[in-house]
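Notes follow once the structure below has been shown.
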Amino acid sequence: MWNLKDPSLLREQCFIDGQWLGAQQTIAVTNPATGAHIASVPKLGAAHARQAIEAANRAWPAWRARTAKERAALLKRWFELIMAHQDDLATIMTLEQGKPLAEAKGEIAYAASFIEWFAEEGKRVYGDTIPAPVASQRIVVTKEPIGVCAAITPWNFPAAMITRKAGPALAAGCTMVVKPASQTPLTALALAVLAERAGIPAGVLSVVTGAAGDIGTELATNPLVRKLTFTGSTEVGRTLMQQTAATIKKVSMELGGNAPFIVFEDADLDAAVEGALVSKYRNAGQTCVCANRLYVHAKVYDAFAQKLVAAVQAMQVGDGLQDGVRIGPLIDAKAVAKVEEHIADATAKGARVLTGGKRHALGQSFFEPTVLADVTQGMAVAKEETFGPLAPLFRFETEDEVVALANDTEFGLASYFYARDLGRVWRVAERLEYGMVGVNTGLISNEVAPFGGVKQSGIGREGSRYGIEDYLVVKYINMAGI
Ligand code: ADP
């Protein structure tokens, strides 16, 4: 089916404690480009989440007792299998998520890179020796795996949001239960097929699909779970943090953003347009690091707008499986409604549609990539994440003004700006209240750098040597009587 080289990657069962498990009740997975039914996955609840947690707890002592090198060997095998099945995994992802196949292949490579990176990084979990204040004592600090971890992941990056949690967790010696988004469980289950083939022991990684609230509550409240890692909306993140408070769990939260993208008057405009395309329209605008507000200096506003519109009009919209498509459908009707609301609100308050502005003739959840001009701070797009292919252009005059506007949000995930003046580059990079700043680039994510936010965009970092810290606890040993 769908020309998969290895059809056994497409599973309609969950993976709990090394067993594949079906269920009477199921969730239908549909293709957002066509509305067609692709497969059905089990609709499980709290009881199965508990089973997976208990299995993870049983598997933990043996897994943590292995050397980091032994765990790395298994993780590398998993990485190699993912890359060997890159095409099939990308096809499954495009079918359930909608993103263009080339982007899906890119995400699989990106997802795999976290497993490769952390397989190595697990070997470098160093401690400290600290000179003691008492002559007869020696102070040693070690880092240990925190224990059973739970991960709740979103639909916009169905593979990478799992591996950048599971990679460091497993490398550090933790076990993990994953609850993937109900829109995109098939990619998650295919990753589990390959983890099993790689020889990762039963219970070390389980994938449970089903009712988000029920499974989420179990993962957030079960005392065996020592850490919860979540990527998704700020609203759900807040609920989950509240639920974890009762058992004082460590949390990592990668939540919403409202990224500013600033084009100063000394910017290379062609490079800025290129960066805006990648940052704004990748995954049809459905990433938490997507440029949400484009601030353009008054002197270059019209020139930038003209170039951006030309580039946007050249992008082909369509089914992600077709050659040449740059923009796929949005995930669902609700996502389309949000983009429409933002456009209606902005135009009612004086914004102009330069291109796009409405549902695409292809139907389903396709939307025309849109550029709005004359956008101002009082419009909904200035405050809320659109999560769609809409670029609102704001005009500014001074550096102080634009930094204040950029920081005027409760979010603080990604930010971008284009400028050549060295003093300005330093000043603005330091003044932006964001976890990440892209200077003269619209693409900042990779496995070696710390991804994460400040303010209400989250807690913790993923990727890089900082990323493994989220799965470790510090132990201090005082050896006295020497
Ligand atoms: P998005 O806007 O990306 O869909 P959500 O926060 O709604 O973000 O969803 C992200 C993940 O959180 C998904 O796996 C979803 O199933 C899950 N989720 C949604 N609601 C809840 C909830 N009340 N408790 C736990 N998990 C939830």
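Residue names in the structure tokens use chain letters A, B, ... in the order shown, residue numbers from 1 in each chain, and ligand numbers from 1 in the order shown.
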- Nearby residues, ligand 1, 9 Å, only C-alpha atoms and all ligand atoms, as number ranges by chain: A: 151-156, 179-184, 209-220, 230-237, 239-240, 255-256, 286-288, 335, 387
Using N, CA and C atoms, can you write the selected residues to a file as a compact mmCIF listing (two decimals), in the first residue's frame?
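Result file follows (selection32.txt):
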# COMPACT_ATOMS: atom_id res chain seq x y z
N ALA A 151 6.49 11.04 27.89
CA ALA A 151 6.56 12.08 26.85
C ALA A 151 5.21 12.22 26.17
N ILE A 152 4.75 13.45 26.04
CA ILE A 152 3.51 13.72 25.29
C ILE A 152 3.91 14.63 24.13
N THR A 153 3.60 14.20 22.92
CA THR A 153 4.15 14.89 21.75
C THR A 153 3.05 15.36 20.78
N PRO A 154 3.35 16.40 20.00
CA PRO A 154 2.36 16.99 19.09
C PRO A 154 2.43 16.42 17.67
N TRP A 155 1.52 16.89 16.84
CA TRP A 155 1.41 16.37 15.47
C TRP A 155 2.27 17.10 14.46
N ASN A 156 2.83 18.25 14.81
CA ASN A 156 3.50 19.03 13.76
C ASN A 156 4.86 18.47 13.35
N LYS A 179 3.24 9.18 24.50
CA LYS A 179 1.86 9.33 24.02
C LYS A 179 1.92 10.30 22.84
N PRO A 180 1.84 9.75 21.61
CA PRO A 180 1.90 10.65 20.45
C PRO A 180 0.56 11.33 20.21
N ALA A 181 0.56 12.39 19.42
CA ALA A 181 -0.68 13.08 19.08
C ALA A 181 -1.58 12.13 18.29
N SER A 182 -2.88 12.24 18.52
CA SER A 182 -3.82 11.32 17.87
C SER A 182 -3.91 11.53 16.36
N GLN A 183 -3.51 12.72 15.88
CA GLN A 183 -3.52 12.95 14.43
C GLN A 183 -2.38 12.21 13.73
N THR A 184 -1.27 11.97 14.47
CA THR A 184 -0.07 11.41 13.82
C THR A 184 0.56 10.25 14.60
N THR A 209 -1.25 4.91 22.31
CA THR A 209 -2.13 5.85 21.63
C THR A 209 -3.50 5.85 22.32
N GLY A 210 -4.22 6.96 22.19
CA GLY A 210 -5.57 6.96 22.75
C GLY A 210 -6.01 8.31 23.27
N ALA A 211 -6.87 8.24 24.27
CA ALA A 211 -7.53 9.44 24.80
C ALA A 211 -6.50 10.34 25.50
N ALA A 212 -6.31 11.53 24.92
CA ALA A 212 -5.24 12.43 25.40
C ALA A 212 -5.39 12.77 26.88
N GLY A 213 -6.58 13.15 27.29
CA GLY A 213 -6.79 13.57 28.67
C GLY A 213 -6.53 12.43 29.65
N ASP A 214 -7.08 11.25 29.36
CA ASP A 214 -6.94 10.10 30.27
C ASP A 214 -5.49 9.65 30.39
N ILE A 215 -4.87 9.46 29.23
CA ILE A 215 -3.47 8.99 29.25
C ILE A 215 -2.59 10.08 29.85
N GLY A 216 -2.83 11.33 29.45
CA GLY A 216 -2.03 12.45 29.95
C GLY A 216 -2.10 12.55 31.46
N THR A 217 -3.30 12.41 32.01
CA THR A 217 -3.47 12.52 33.46
C THR A 217 -2.71 11.40 34.18
N GLU A 218 -2.79 10.19 33.63
CA GLU A 218 -2.07 9.08 34.25
C GLU A 218 -0.56 9.33 34.23
N LEU A 219 -0.07 9.78 33.07
CA LEU A 219 1.38 10.03 32.94
C LEU A 219 1.82 11.15 33.89
N ALA A 220 0.95 12.13 34.07
CA ALA A 220 1.33 13.30 34.88
C ALA A 220 1.16 13.07 36.37
N PHE A 230 6.92 17.44 27.67
CA PHE A 230 5.76 17.74 26.83
C PHE A 230 6.12 18.76 25.77
N THR A 231 5.65 18.54 24.56
CA THR A 231 5.71 19.57 23.53
C THR A 231 4.29 19.77 23.03
N GLY A 232 3.82 21.01 23.05
CA GLY A 232 2.46 21.29 22.60
C GLY A 232 2.06 22.69 23.01
N SER A 233 0.78 22.88 23.18
CA SER A 233 0.28 24.23 23.46
C SER A 233 0.58 24.64 24.90
N THR A 234 0.68 25.95 25.12
CA THR A 234 0.91 26.47 26.47
C THR A 234 -0.26 26.09 27.38
N GLU A 235 -1.43 26.09 26.82
CA GLU A 235 -2.64 25.76 27.60
C GLU A 235 -2.57 24.34 28.18
N VAL A 236 -2.28 23.36 27.33
CA VAL A 236 -2.18 21.98 27.83
C VAL A 236 -0.96 21.83 28.73
N GLY A 237 0.13 22.50 28.39
CA GLY A 237 1.34 22.45 29.23
C GLY A 237 1.06 22.91 30.65
N THR A 239 -1.85 22.82 32.22
CA THR A 239 -2.64 21.77 32.89
C THR A 239 -1.73 20.64 33.36
N LEU A 240 -0.84 20.20 32.48
CA LEU A 240 0.03 19.08 32.83
C LEU A 240 0.96 19.45 33.98
N LEU A 255 6.61 24.81 24.66
CA LEU A 255 5.24 25.28 24.44
C LEU A 255 5.16 26.26 23.27
N GLY A 256 4.12 27.05 23.26
CA GLY A 256 3.87 27.92 22.11
C GLY A 256 4.90 29.03 21.96
N GLN A 286 3.09 25.71 10.50
CA GLN A 286 2.66 25.00 11.72
C GLN A 286 3.85 24.51 12.53
N THR A 287 4.74 25.43 12.89
CA THR A 287 5.81 25.05 13.82
C THR A 287 5.84 26.10 14.92
N CYS A 288 6.31 25.70 16.10
CA CYS A 288 6.31 26.64 17.22
C CYS A 288 7.42 27.67 17.08
N ALA A 335 -7.64 24.40 12.42
CA ALA A 335 -6.43 25.17 12.08
C ALA A 335 -6.76 26.20 11.00
N PHE A 387 -0.17 29.78 13.64
CA PHE A 387 0.04 28.37 13.28
C PHE A 387 -0.53 28.06 11.89
- Task: Can you list, as an NGL selection string, all residues belonging to region 192-375 of chain A that DSSP tags as helix (DSSP H, G or I)?
- Result: :A and (192-198 or 212-221 or 234-245 or 269-285 or 298-313 or 333-348)
- Message: Env of region 415-418 of chain A: 6 Å cut, atoms = only C-alpha atoms, seq-sep filter 4 positions within chain, self excluded. Answer as a PyMOL selection string.
- Response: chain A and resi 259-263+267+437-440
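Remark: for Ile482 (chain A), the closest of the candidate residues A:Ala132, A:Val148, A:Pro223, A:Asp319 is A:Ala132 (distances computed over only C-alpha atoms).
Compared by their closest atoms to Glu254 (chain A), and using only C-alpha atoms, the residues A:Val125, A:Ala171, A:Leu413, A:Leu362 rank with A:Leu413 nearest.
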Find the nearest atom pair between each residue of region 97-129 of chain A and region 189-196 of chain A for residues within 12 Å, count only C-alpha atoms, give distances in Å to one decimal, sort rows by chain and ascending number, and present the table as JSON lines.
{"residue": "A:Ile108", "atom": "CA", "partner": "A:Leu191", "partner_atom": "CA", "distance": 10.1}
{"residue": "A:Ala111", "atom": "CA", "partner": "A:Leu191", "partner_atom": "CA", "distance": 10.2}
{"residue": "A:Ala112", "atom": "CA", "partner": "A:Leu191", "partner_atom": "CA", "distance": 10.0}
{"residue": "A:Ile115", "atom": "CA", "partner": "A:Ala195", "partner_atom": "CA", "distance": 10.9}
Keeping N, CA and C atoms, export the residues of the selection given above as a compact mmCIF listing (two decimals), in the first residue's frame.
# COMPACT_ATOMS: atom_id res chain seq x y z
N ILE A 108 12.76 13.26 9.07
CA ILE A 108 13.25 11.95 9.50
C ILE A 108 14.76 12.01 9.78
N ALA A 111 15.17 13.94 12.93
CA ALA A 111 14.75 13.11 14.07
C ALA A 111 15.84 12.09 14.42
N ALA A 112 16.37 11.44 13.39
CA ALA A 112 17.40 10.42 13.61
C ALA A 112 18.65 11.04 14.22
N ILE A 115 19.04 10.85 17.91
CA ILE A 115 19.39 9.55 18.48
C ILE A 115 20.90 9.32 18.35
Can I get the residues of region 121-157 of chain A within 8 Å of region 455-471 of chain A, each with the closest pair of atoms and their distance in Å to one decimal, using only C-alpha atoms, sorted chain first then ascending number, as a Markdown table?
| residue | atom | partner | partner_atom | distance |
| --- | --- | --- | --- | --- |
| A:Glu121 | CA | A:Arg465 | CA | 6.8 |
| A:Gly122 | CA | A:Ile468 | CA | 7.6 |
| A:Pro145 | CA | A:Tyr471 | CA | 6.0 |
| A:Ile146 | CA | A:Tyr471 | CA | 5.6 |
| A:Gly147 | CA | A:Tyr471 | CA | 8.0 |
- Item | Within 9 Å of Asp17 (chain A) using only C-alpha atoms, minus same-chain residues under 3 positions, as number ranges by chain | A: 20, 51-56, 59, 201-206
Can those selected residues be exported to a file as a short mmCIF file (atom, residue, chain, number, x, y, z; two decimals), in the first residue's frame so that it contains C-alpha atoms?
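Produced file part_5.cif, reproduced below:
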data_model
loop_
_atom_site.label_atom_id
_atom_site.label_comp_id
_atom_site.auth_asym_id
_atom_site.auth_seq_id
_atom_site.Cartn_x
_atom_site.Cartn_y
_atom_site.Cartn_z
CA TRP A 20 2.02 -5.21 20.09
CA GLN A 51 0.73 -0.86 32.27
CA ALA A 52 3.33 0.90 30.15
CA ILE A 53 4.58 2.91 33.15
CA GLU A 54 4.89 -0.24 35.26
CA ALA A 55 6.76 -1.99 32.44
CA ALA A 56 9.10 1.00 32.15
CA ALA A 59 12.84 -2.38 32.73
CA PRO A 201 14.69 -4.20 25.43
CA ALA A 202 10.99 -4.64 26.24
CA GLY A 203 9.55 -1.88 28.42
CA VAL A 204 12.39 0.58 27.78
CA LEU A 205 10.30 2.43 25.18
CA SER A 206 6.52 2.05 24.93
#
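Using only C-alpha atoms, the contacts of Asp332 (chain A) at a cut-off of 10 Å, with sequence neighbours closer than 4 positions omitted, comprise A:Thr30, A:Asn31, A:Pro32, A:Ala33, A:Gly35, A:Gln97, A:Gly98, A:Gln183, A:Val336, A:Ala337, A:Gln364, A:Ser365, A:Phe366.
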- Message: Env of Tyr110 (chain A): 9 Å cut, atoms = only C-alpha atoms, seq-sep filter 2 positions within chain, self excluded. Answer as a ChimeraX atom specification.
- Response: /A:105-108,112-114,159-160,445-447
Would you save the residues of that selection, restricted to C-alpha atoms, as a PDB file, in the first residue's frame?
ATOM      1  CA  LYS A 105      12.360  13.236   4.628  1.00  0.00           C
ATOM      2  CA  GLY A 106      14.198  16.169   6.166  1.00  0.00           C
ATOM      3  CA  GLU A 107      12.349  15.654   9.429  1.00  0.00           C
ATOM      4  CA  ILE A 108      13.255  11.949   9.504  1.00  0.00           C
ATOM      5  CA  ALA A 112      17.396  10.420  13.614  1.00  0.00           C
ATOM      6  CA  SER A 113      20.177  12.927  14.317  1.00  0.00           C
ATOM      7  CA  PHE A 114      19.007  13.271  17.931  1.00  0.00           C
ATOM      8  CA  ALA A 159       9.034  11.939  14.492  1.00  0.00           C
ATOM      9  CA  ALA A 160      11.447  14.588  15.765  1.00  0.00           C
ATOM     10  CA  SER A 445      17.053  23.909  14.799  1.00  0.00           C
ATOM     11  CA  ASN A 446      19.648  21.157  14.908  1.00  0.00           C
ATOM     12  CA  GLU A 447      20.687  18.396  17.267  1.00  0.00           C
TER      13      GLU A 447
END
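Candidate residues A:Glu410, A:Asp6, A:Glu120, A:Asp323 were compared for distance to Gly453 (chain A), and the nearest is A:Glu410, using only C-alpha atoms.
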- Residue nearest Met176 (chain A) - candidates A:Thr163, A:Lys143, A:Arg197, A:Gly22, atoms counted: only C-alpha atoms: A:Thr163
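Of the listed residues A:Asn283, A:Gln306, A:Asn258, A:Asn57, the one whose atoms come nearest to Ala102 (chain A) is A:Asn283, with distances taken using only C-alpha atoms.
Proximity to region 389-397 of chain A at 6 Å, evaluated using only C-alpha atoms and with sequence-adjacent residues fewer than 4 positions away removed, yields Tyr281, Ala284, Gly285, Arg293, Leu294, Tyr295, Val296, His297, Ala298, Pro369, Thr370, Val371, Leu372, Ala373, Val375 and Thr376 of chain A.
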- Task: To one decimal in Å, tell me the separation between CA of Glu70 (chain A) and CA of Arg58 (chain A).
- Result: 18.9 Å
